[in-house]
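Here is the file query-v3.pdb (PDB, C-alpha atoms).
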```pdb
ATOM      1  CA  MET F 886      18.960  -1.806   0.402
ATOM      2  CA  ASP F 887      20.199   0.768  -2.108
ATOM      3  CA  LYS F 888      19.495  -0.091  -5.703
ATOM      4  CA  ILE F 889      16.599  -2.466  -6.252
ATOM      5  CA  ARG F 890      16.148  -5.115  -8.921
ATOM      6  CA  ALA F 891      12.421  -5.592  -9.496
ATOM      7  CA  LEU F 892      10.354  -8.176 -11.336
ATOM      8  CA  ILE F 893       6.991  -6.804 -12.494
ATOM      9  CA  VAL F 894       4.417  -9.405 -13.555
ATOM     10  CA  ASP F 895       1.250  -8.210 -15.287
ATOM     11  CA  ASP F 896      -0.410  -9.153 -18.576
ATOM     12  CA  SER F 897      -0.837  -5.448 -19.341
ATOM     13  CA  SER F 898       2.311  -3.746 -20.615
ATOM     14  CA  VAL F 899       0.744  -0.393 -19.734
ATOM     15  CA  MET F 900       0.229  -1.500 -16.145
ATOM     16  CA  ARG F 901       3.818  -2.762 -15.951
ATOM     17  CA  LYS F 902       5.013   0.716 -16.935
ATOM     18  CA  ILE F 903       2.688   2.336 -14.394
ATOM     19  CA  VAL F 904       3.946   0.066 -11.617
ATOM     20  CA  GLU F 905       7.565   0.845 -12.544
ATOM     21  CA  ARG F 906       6.830   4.571 -12.563
ATOM     22  CA  SER F 907       5.053   4.282  -9.201
ATOM     23  CA  LEU F 908       8.084   2.574  -7.665
ATOM     24  CA  ARG F 909      10.368   5.354  -8.893
ATOM     25  CA  GLN F 910       7.903   8.011  -7.647
ATOM     26  CA  ALA F 911       7.880   6.290  -4.250
ATOM     27  CA  GLY F 912      11.597   6.937  -4.026
ATOM     28  CA  ILE F 913      12.819   3.447  -4.876
ATOM     29  CA  ASP F 914      16.095   3.540  -6.759
ATOM     30  CA  LEU F 915      15.630   0.902  -9.447
ATOM     31  CA  ASP F 916      18.773  -0.726 -10.741
ATOM     32  CA  LYS F 917      17.000  -3.110 -13.075
ATOM     33  CA  VAL F 918      13.415  -3.934 -13.999
ATOM     34  CA  VAL F 919      12.506  -7.336 -15.414
ATOM     35  CA  GLU F 920       9.027  -7.685 -16.919
ATOM     36  CA  ALA F 921       6.835 -10.741 -17.435
ATOM     37  CA  ALA F 922       3.314 -11.036 -18.857
ATOM     38  CA  ASN F 923       2.189 -14.022 -16.751
ATOM     39  CA  GLY F 924       3.315 -16.336 -13.992
ATOM     40  CA  ALA F 925       4.980 -18.837 -16.305
ATOM     41  CA  GLU F 926       7.092 -16.128 -17.962
ATOM     42  CA  ALA F 927       7.943 -14.777 -14.539
ATOM     43  CA  LEU F 928       9.234 -18.157 -13.339
ATOM     44  CA  VAL F 929      11.545 -18.318 -16.366
ATOM     45  CA  ALA F 930      12.656 -14.741 -15.691
ATOM     46  CA  LEU F 931      13.479 -15.680 -12.090
ATOM     47  CA  GLN F 932      15.741 -18.497 -13.298
ATOM     48  CA  ASN F 933      17.767 -15.967 -15.287
ATOM     49  CA  ASN F 934      17.629 -12.859 -13.102
ATOM     50  CA  ALA F 935      18.291 -12.199  -9.445
ATOM     51  CA  VAL F 936      15.710  -9.762  -8.066
ATOM     52  CA  ASP F 937      15.048  -8.022  -4.744
ATOM     53  CA  LEU F 938      11.319  -7.369  -5.129
ATOM     54  CA  ILE F 939       8.419  -8.920  -7.070
ATOM     55  CA  LEU F 940       5.193  -7.084  -7.955
ATOM     56  CA  CYS F 941       2.511  -9.376  -9.331
ATOM     57  CA  ASP F 942      -1.018  -9.180 -10.742
ATOM     58  CA  ILE F 943      -3.486 -12.022 -10.038
ATOM     59  CA  ASN F 944      -5.733 -12.346 -13.086
ATOM     60  CA  MET F 945      -3.407 -13.331 -15.929
ATOM     61  CA  PRO F 946      -3.554 -15.908 -18.699
ATOM     62  CA  VAL F 947      -1.360 -19.048 -18.765
ATOM     63  CA  MET F 948      -0.470 -18.908 -15.052
ATOM     64  CA  ASP F 949      -2.230 -16.602 -12.628
ATOM     65  CA  GLY F 950      -0.555 -14.666  -9.865
ATOM     66  CA  LEU F 951      -1.636 -16.904  -6.993
ATOM     67  CA  GLU F 952      -0.167 -19.988  -8.667
ATOM     68  CA  PHE F 953       2.988 -18.023  -9.462
ATOM     69  CA  VAL F 954       3.424 -17.080  -5.797
ATOM     70  CA  ARG F 955       3.055 -20.739  -4.797
ATOM     71  CA  GLN F 956       5.635 -21.743  -7.418
ATOM     72  CA  VAL F 957       8.140 -19.077  -6.357
ATOM     73  CA  ALA F 958       8.593 -20.974  -3.104
ATOM     74  CA  THR F 959      10.259 -23.732  -5.139
ATOM     75  CA  VAL F 960      12.757 -21.375  -6.807
ATOM     76  CA  GLU F 961      15.863 -21.475  -4.638
ATOM     77  CA  SER F 962      17.256 -18.137  -5.827
ATOM     78  CA  ALA F 963      13.944 -16.358  -5.114
ATOM     79  CA  LYS F 964      13.423 -17.579  -1.572
ATOM     80  CA  GLY F 965      12.909 -14.660   0.776
ATOM     81  CA  VAL F 966      12.265 -12.169  -2.027
ATOM     82  CA  PRO F 967       9.224 -10.086  -0.994
ATOM     83  CA  ILE F 968       6.198 -10.388  -3.273
ATOM     84  CA  VAL F 969       3.470  -7.745  -3.407
ATOM     85  CA  MET F 970       0.236  -8.439  -5.267
ATOM     86  CA  ILE F 971      -1.173  -5.526  -7.287
ATOM     87  CA  THR F 972      -4.609  -6.519  -8.529
ATOM     88  CA  THR F 973      -8.223  -5.578  -9.142
ATOM     89  CA  GLU F 974      -9.295  -8.585  -7.071
ATOM     90  CA  GLY F 975     -10.258  -7.078  -3.737
ATOM     91  CA  SER F 976     -11.915  -9.919  -1.862
ATOM     92  CA  GLU F 977     -10.696 -11.077   1.527
ATOM     93  CA  SER F 978     -10.392 -14.608   0.191
ATOM     94  CA  HIS F 979      -7.944 -13.438  -2.486
ATOM     95  CA  VAL F 980      -5.941 -11.525   0.131
ATOM     96  CA  VAL F 981      -5.852 -14.564   2.421
ATOM     97  CA  GLN F 982      -4.877 -16.876  -0.431
ATOM     98  CA  ALA F 983      -2.104 -14.549  -1.558
ATOM     99  CA  LEU F 984      -0.673 -14.036   1.923
ATOM    100  CA  SER F 985      -0.956 -17.747   2.712
ATOM    101  CA  ALA F 986       0.928 -18.559  -0.486
ATOM    102  CA  GLY F 987       3.780 -16.278   0.537
ATOM    103  CA  ALA F 988       2.950 -12.747  -0.629
ATOM    104  CA  ARG F 989       4.063 -10.025   1.786
ATOM    105  CA  GLY F 990       1.771  -7.253   0.591
ATOM    106  CA  TYR F 991      -1.486  -6.657  -1.260
ATOM    107  CA  ILE F 992      -2.467  -3.520  -3.177
ATOM    108  CA  ARG F 993      -5.825  -3.134  -4.872
ATOM    109  CA  LYS F 994      -6.095  -1.395  -8.248
ATOM    110  CA  PRO F 995      -6.728   1.460  -8.736
ATOM    111  CA  PHE F 996      -3.907   2.392  -6.384
ATOM    112  CA  THR F 997      -2.499   5.697  -5.184
ATOM    113  CA  PRO F 998       1.193   6.644  -4.808
ATOM    114  CA  ASP F 999       0.675   6.660  -1.027
ATOM    115  CA  GLN F1000      -0.434   3.019  -1.094
ATOM    116  CA  VAL F1001       2.707   2.083  -3.011
ATOM    117  CA  LYS F1002       4.839   3.857  -0.412
ATOM    118  CA  GLU F1003       2.976   2.334   2.514
ATOM    119  CA  HIS F1004       3.079  -1.258   1.290
ATOM    120  CA  ILE F1005       6.376  -1.467  -0.572
ATOM    121  CA  LEU F1006       8.914   0.848   1.047
ATOM    122  CA  PRO F1007       9.125  -1.157   4.303
ATOM    123  CA  LEU F1008       9.869  -4.281   2.262
ATOM    124  CA  VAL F1009      12.941  -2.673   0.720
ATOM    125  CA  GLY F1010      14.257  -1.223   3.954
ATOM    126  CA  LYS F1011      12.863   2.286   3.585
ATOM    127  CA  LYS F1012      10.467   4.271   5.727
ATOM    128  CA  PRO F1013       7.113   5.076   4.108
TER     129      PRO F1013
ATOM    130  CA  MET N 930     -19.548 -21.256  -9.641
ATOM    131  CA  SER N 931     -23.241 -20.641 -10.314
ATOM    132  CA  THR N 932     -25.082 -17.360 -10.602
ATOM    133  CA  ASP N 933     -26.456 -16.264  -7.245
ATOM    134  CA  THR N 934     -30.169 -15.675  -7.815
ATOM    135  CA  ALA N 935     -30.506 -13.555  -4.668
ATOM    136  CA  LEU N 936     -27.748 -11.298  -5.885
ATOM    137  CA  ALA N 937     -29.193 -11.135  -9.392
ATOM    138  CA  LYS N 938     -32.485 -10.098  -7.778
ATOM    139  CA  ARG N 939     -30.679  -7.332  -5.898
ATOM    140  CA  SER N 940     -29.747  -5.757  -9.213
ATOM    141  CA  HIS N 941     -33.490  -5.307  -9.836
ATOM    142  CA  GLU N 942     -34.246  -3.932  -6.401
ATOM    143  CA  GLU N 943     -31.220  -1.755  -5.736
ATOM    144  CA  ASN N 944     -30.013   1.156  -7.787
ATOM    145  CA  TRP N 945     -26.499   0.174  -8.743
ATOM    146  CA  LEU N 946     -25.973   3.008 -11.218
ATOM    147  CA  PRO N 947     -24.442   5.393  -8.620
ATOM    148  CA  ILE N 948     -22.049   2.599  -7.619
ATOM    149  CA  LEU N 949     -21.002   2.089 -11.236
ATOM    150  CA  GLU N 950     -20.569   5.864 -11.638
ATOM    151  CA  LEU N 951     -18.457   6.103  -8.481
ATOM    152  CA  ALA N 952     -16.337   3.104  -9.476
ATOM    153  CA  THR N 953     -15.721   4.731 -12.865
ATOM    154  CA  GLN N 954     -14.931   8.163 -11.451
ATOM    155  CA  GLU N 955     -12.437   6.728  -8.960
ATOM    156  CA  VAL N 956     -10.554   4.811 -11.632
ATOM    157  CA  PHE N 957     -10.254   7.860 -13.887
ATOM    158  CA  GLU N 958      -9.256  10.107 -11.004
ATOM    159  CA  ILE N 959      -6.661   7.786  -9.479
ATOM    160  CA  MET N 960      -5.136   6.224 -12.592
ATOM    161  CA  LEU N 961      -5.456   9.100 -15.069
ATOM    162  CA  GLY N 962      -5.475  12.067 -12.720
ATOM    163  CA  CYS N 963      -8.676  13.260 -14.406
ATOM    164  CA  GLN N 964     -11.961  14.155 -12.839
ATOM    165  CA  VAL N 965     -14.876  12.889 -14.887
ATOM    166  CA  LYS N 966     -18.578  13.385 -14.312
ATOM    167  CA  PRO N 967     -21.645  11.702 -15.763
ATOM    168  CA  ALA N 968     -22.671  13.382 -19.010
ATOM    169  CA  ALA N 969     -26.111  14.843 -19.486
ATOM    170  CA  GLU N 970     -28.506  12.566 -21.350
ATOM    171  CA  SER N 971     -28.536  15.096 -24.175
ATOM    172  CA  GLU N 972     -24.803  14.521 -24.769
ATOM    173  CA  PRO N 973     -24.027  12.320 -27.778
ATOM    174  CA  LYS N 974     -22.893   8.737 -27.168
ATOM    175  CA  PRO N 975     -19.282   7.917 -28.096
ATOM    176  CA  ASN N 976     -18.366   6.633 -31.496
ATOM    177  CA  PRO N 977     -17.423   3.057 -30.538
ATOM    178  CA  GLU N 978     -14.009   2.780 -32.201
ATOM    179  CA  PHE N 979     -12.471   1.060 -29.156
ATOM    180  CA  THR N 980     -14.434  -1.258 -26.865
ATOM    181  CA  ALA N 981     -12.926  -3.042 -23.878
ATOM    182  CA  MET N 982     -14.784  -5.904 -22.172
ATOM    183  CA  VAL N 983     -14.329  -7.771 -18.910
ATOM    184  CA  GLY N 984     -16.549 -10.717 -18.056
ATOM    185  CA  LEU N 985     -18.066 -11.345 -14.630
ATOM    186  CA  ALA N 986     -18.758 -14.888 -13.479
ATOM    187  CA  GLY N 987     -20.161 -16.361 -10.304
ATOM    188  CA  ALA N 988     -22.453 -14.406  -8.009
ATOM    189  CA  LEU N 989     -22.665 -11.727 -10.669
ATOM    190  CA  CYS N 990     -22.727 -13.010 -14.228
ATOM    191  CA  GLY N 991     -22.369 -10.546 -17.068
ATOM    192  CA  VAL N 992     -19.992  -8.187 -18.777
ATOM    193  CA  VAL N 993     -18.582  -4.698 -18.201
ATOM    194  CA  THR N 994     -17.696  -2.680 -21.302
ATOM    195  CA  VAL N 995     -15.876   0.628 -21.724
ATOM    196  CA  CYS N 996     -16.262   2.237 -25.105
ATOM    197  CA  CYS N 997     -14.975   5.430 -26.726
ATOM    198  CA  ASP N 998     -13.634   6.842 -29.977
ATOM    199  CA  ALA N 999     -10.043   6.283 -31.080
ATOM    200  CA  LYS N1000      -8.843   9.769 -30.178
ATOM    201  CA  THR N1001     -10.164   9.427 -26.634
ATOM    202  CA  ALA N1002      -8.700   5.930 -26.277
ATOM    203  CA  ARG N1003      -5.289   7.344 -27.273
ATOM    204  CA  GLN N1004      -5.749  10.129 -24.747
ATOM    205  CA  ILE N1005      -6.593   7.646 -21.981
ATOM    206  CA  ALA N1006      -3.424   5.710 -22.818
ATOM    207  CA  GLN N1007      -1.396   8.920 -22.799
ATOM    208  CA  PHE N1008      -2.736   9.919 -19.385
ATOM    209  CA  MET N1009      -1.938   6.476 -17.985
ATOM    210  CA  LEU N1010       1.541   6.270 -19.480
ATOM    211  CA  ALA N1011       2.416   9.951 -19.030
ATOM    212  CA  GLU N1012       3.561   9.819 -22.660
ATOM    213  CA  ALA N1013       1.983   9.052 -26.034
ATOM    214  CA  ALA N1014       1.167   5.405 -26.689
ATOM    215  CA  ASP N1015       3.507   3.895 -29.237
ATOM    216  CA  SER N1016       1.005   1.553 -30.883
ATOM    217  CA  GLU N1017      -2.670   0.752 -31.302
ATOM    218  CA  GLU N1018      -1.995  -2.366 -29.243
ATOM    219  CA  GLN N1019      -0.836  -0.225 -26.326
ATOM    220  CA  VAL N1020      -3.949   1.958 -26.645
ATOM    221  CA  GLY N1021      -6.136  -1.149 -26.433
ATOM    222  CA  ASP N1022      -4.094  -2.448 -23.515
ATOM    223  CA  ALA N1023      -4.695   0.804 -21.619
ATOM    224  CA  LEU N1024      -8.449   0.765 -22.253
ATOM    225  CA  GLY N1025      -8.597  -2.897 -21.247
ATOM    226  CA  GLU N1026      -6.943  -2.079 -17.926
ATOM    227  CA  ILE N1027      -9.380   0.766 -17.319
ATOM    228  CA  CYS N1028     -12.270  -1.646 -17.946
ATOM    229  CA  ASN N1029     -10.646  -4.222 -15.661
ATOM    230  CA  MET N1030     -10.264  -1.699 -12.842
ATOM    231  CA  VAL N1031     -13.811  -0.345 -13.237
ATOM    232  CA  ALA N1032     -15.211  -3.895 -13.108
ATOM    233  CA  GLY N1033     -13.095  -4.796 -10.086
ATOM    234  CA  ASN N1034     -13.804  -1.545  -8.284
ATOM    235  CA  PHE N1035     -17.540  -1.957  -8.924
ATOM    236  CA  LYS N1036     -17.741  -5.485  -7.568
ATOM    237  CA  ASN N1037     -15.572  -4.609  -4.586
ATOM    238  CA  LYS N1038     -18.112  -1.925  -3.668
ATOM    239  CA  LEU N1039     -21.055  -4.332  -3.664
ATOM    240  CA  ALA N1040     -21.259  -5.800  -0.177
ATOM    241  CA  GLY N1041     -21.087  -9.568  -0.229
ATOM    242  CA  THR N1042     -20.313  -9.786  -3.915
ATOM    243  CA  ASP N1043     -16.578  -9.575  -4.312
ATOM    244  CA  GLU N1044     -15.926 -12.904  -2.576
ATOM    245  CA  ARG N1045     -18.083 -14.791  -5.039
ATOM    246  CA  CYS N1046     -17.503 -13.015  -8.322
ATOM    247  CA  LEU N1047     -14.585 -13.578 -10.689
ATOM    248  CA  LEU N1048     -13.300 -11.308 -13.444
ATOM    249  CA  SER N1049     -12.031 -12.404 -16.839
ATOM    250  CA  VAL N1050      -8.936 -10.912 -18.404
ATOM    251  CA  PRO N1051      -9.899  -7.966 -20.643
ATOM    252  CA  THR N1052     -10.728  -8.238 -24.332
ATOM    253  CA  VAL N1053     -10.468  -5.166 -26.559
ATOM    254  CA  ILE N1054     -12.127  -4.619 -29.934
ATOM    255  CA  SER N1055     -10.822  -1.863 -32.187
ATOM    256  CA  GLY N1056     -13.066  -0.658 -34.993
ATOM    257  CA  GLY N1057     -16.718   0.194 -34.857
ATOM    258  CA  GLU N1058     -18.156  -2.196 -37.438
ATOM    259  CA  TYR N1059     -19.496  -4.813 -35.068
ATOM    260  CA  ARG N1060     -22.634  -5.718 -33.187
ATOM    261  CA  PHE N1061     -22.526  -6.658 -29.542
ATOM    262  CA  HIS N1062     -24.607  -9.669 -28.535
ATOM    263  CA  SER N1063     -24.082 -10.549 -24.887
ATOM    264  CA  LEU N1064     -25.306 -13.909 -23.646
ATOM    265  CA  ALA N1065     -25.741 -12.084 -20.374
ATOM    266  CA  ASP N1066     -28.944 -10.604 -21.710
ATOM    267  CA  GLY N1067     -30.774  -9.048 -18.792
ATOM    268  CA  ASP N1068     -30.393  -5.904 -16.744
ATOM    269  CA  SER N1069     -28.220  -3.184 -18.184
ATOM    270  CA  LEU N1070     -26.734  -0.097 -16.544
ATOM    271  CA  GLU N1071     -24.866   2.571 -18.436
ATOM    272  CA  THR N1072     -23.048   5.723 -17.458
ATOM    273  CA  VAL N1073     -21.475   8.074 -19.972
ATOM    274  CA  VAL N1074     -18.720  10.256 -18.550
ATOM    275  CA  LEU N1075     -16.945  13.148 -20.200
ATOM    276  CA  LEU N1076     -13.168  13.027 -20.422
ATOM    277  CA  GLU N1077     -12.163  16.527 -21.486
ATOM    278  CA  ALA N1078     -15.535  16.837 -23.259
ATOM    279  CA  ALA N1079     -15.205  13.481 -25.023
ATOM    280  CA  PRO N1080     -17.776  10.841 -24.062
ATOM    281  CA  VAL N1081     -16.739   7.476 -22.626
ATOM    282  CA  ALA N1082     -19.500   4.920 -22.105
ATOM    283  CA  VAL N1083     -19.289   2.385 -19.277
ATOM    284  CA  ARG N1084     -21.919  -0.338 -19.353
ATOM    285  CA  LEU N1085     -22.730  -3.251 -17.062
ATOM    286  CA  GLN N1086     -24.881  -6.016 -18.521
ATOM    287  CA  LEU N1087     -26.093  -8.692 -16.145
ATOM    288  CA  LYS N1088     -27.626 -12.068 -16.748
ATOM    289  CA  ARG N1089     -31.067 -12.395 -15.232
TER     290      ARG N1089
END
```
Step by step, read the file and then write its structure as structure tokens.
Amino acid sequence: MDKIRALIVDDSSVMRKIVERSLRQAGIDLDKVVEAANGAEALVALQNNAVDLILCDINMPVMDGLEFVRQVATVESAKGVPIVMITTEGSESHVVQALSAGARGYIRKPFTPDQVKEHILPLVGKKP
Amino acid sequence: MSTDTALAKRSHEENWLPILELATQEVFEIMLGCQVKPAAESEPKPNPEFTAMVGLAGALCGVVTVCCDAKTARQIAQFMLAEAADSEEQVGDALGEICNMVAGNFKNKLAGTDERCLLSVPTVISGGEYRFHSLADGDSLETVVLLEAAPVAVRLQLKR
């Protein structure tokens, strides 16, 4: 996969910028970045934008990240798109819930550039 | 989800301050690229012009706050963004995320706690003319760290 279209879902605009910067620093060539502040906004964004990768927080107002991941399964155009959770929630139960719902990766905040490489690069066809 | 009395009791019996200090230091080091250390008790407390709060519910019930002056809050945002924040809203957003990560990192370090403790989304107050009355009135831990000589106070208040 060459250029990547990413959807970044986090209620913090600062964190969305940090995640975008981390992707670029990891060597991911971003073609387009779509941002959403919660799961509901992200579902609307998915209806209007084709993406190759989704990065998603868990604790958000309106619709949290776990519910968003469950709902993505019903969006035809997003089926098969890898989802990586990036969240302060570190419990095993959150990890299990996220992976069971369809997430392919889980990164705990605060996160290092190496964690971004390790968890995300394989999902976009690159070696960490 | 009810407060776990055994866990609340642990806060009396165990010294959680080093855990709060470590959780704070890790967040500043990883997300800001800054090493911070606990300030000496003789250091002045920060002027509370920005205060971020994240609630804890469940096994741990209380609130984590991060408080500093406006200049330091702008500096935290600048470190996180790698550029100057473009608005007061963005400064508050940055401090809220720091508080969120400190709270999450702290609870993840307490064995047996993270599974049964939920975090609220952050709330940020700008301006110092307020009084803080937490319903979680009970044990309180505070660490003040120095970010380039400017104090940042991190406090955990727990319900008894």
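Take the ChimeraX specification (/N :<10) & /F and apply it to this file: it picks F:Asp896, F:Ser897, F:Ser898, F:Val899, F:Met900, F:Arg901, F:Lys902, F:Ile903, F:Arg906, F:Asn944, F:Met945, F:Pro946, F:Thr972, F:Thr973, F:Glu974, F:Gly975, F:Ser976, F:Glu977, F:Ser978, F:His979, F:Arg993, F:Lys994, F:Pro995, F:Phe996, F:Thr997, F:Pro998.
Between CA of Leu1087 (chain N) and CA of Ser1069 (chain N) the interatomic distance comes to 6.2 Å.
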Review point. So how many Å separate CA of Pro977 (chain N) and CA of Lys1088 (chain N), to one decimal?
Key: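 Here the two named atoms are 22.9 Å from each other.
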Exercise for review: Taking the file above as input, evaluate the PyMOL selection byres ((chain F and resi 1002) around 10) and report the hits as an MDAnalysis selection string.
Suggested key: chainID F and resid 907:908 910:913 997:1001 1003:1008 1011:1013
Practice item. Please write the residues picked by the PyMOL selection byres ((chain F and resi 928-934) around 9) on this file as a PyMOL selection string. Key: chain F and resi 890+892+919-921+923-927+935-936+953+956-957+960+962-963
**Study point:** Contact residues around Ala981 (chain N) with only C-alpha atoms at 6 Å, ignoring same-chain residues under 2 positions, as a list in words
**Key:** Thr994, Val995, Gly1025, Thr1052 and Val1053 of chain N
Keeping only C-alpha atoms, write those residues as a JSON list (two decimals), in the frame of the given file.
```json
[["chain", "number", "residue", "atom", "x", "y", "z"],
["N", 994, "THR", "CA", -17.70, -2.68, -21.30],
["N", 995, "VAL", "CA", -15.88, 0.63, -21.72],
["N", 1025, "GLY", "CA", -8.60, -2.90, -21.25],
["N", 1052, "THR", "CA", -10.73, -8.24, -24.33],
["N", 1053, "VAL", "CA", -10.47, -5.17, -26.56]]
```
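If all atoms listed in the file are the atoms counted, then among N:Ala1013, N:Leu951, N:Leu1085, N:Leu985 the closest residue to Lys1000 (chain N) is N:Ala1013.
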Review point. Which one is closest to Val966 (chain F): F:Met948, F:Val954, F:Leu915, F:Val894? Count all atoms listed in the file.
Key: F:Val954
Find the axis-aligned box for region 987-994 of chain N, covering all its listed atoms and adding 6 Å on each side, and write its centre and edge lengths in Å to one decimal as JSON.
```
{"center_x": -20.2, "center_y": -9.5, "center_z": -14.7, "size_x": 17.0, "size_y": 25.7, "size_z": 25.3}
```
Point to revise | All residues 9 Å or closer to Val1073 (chain N), all atoms listed in the file, same chain fewer than 2 positions away omitted, as a list in words | key: Glu950, Lys966, Pro967, Ala968, Ala969, Glu970, Glu972, Lys974, Pro975, Glu1071, Leu1075, Pro1080, Val1081, Ala1082, Val1083 and Arg1084 of chain N
Practice item. Using CA of Ala983 (chain F) and CA of Arg955 (chain F) as the two end points, give the distance in Å to one decimal. Key: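 We find that CA of Ala983 (chain F) and CA of Arg955 (chain F) lie 8.7 Å from each other.
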Practice item. Counting only C-alpha atoms, figure out which residue out of F:Ile968, F:Val1009, F:Leu938, F:Val918 gets nearest to Ser985 (chain F). Key: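 Checking each candidate against Ser985 (chain F), we get F:Ile968 as the closest.
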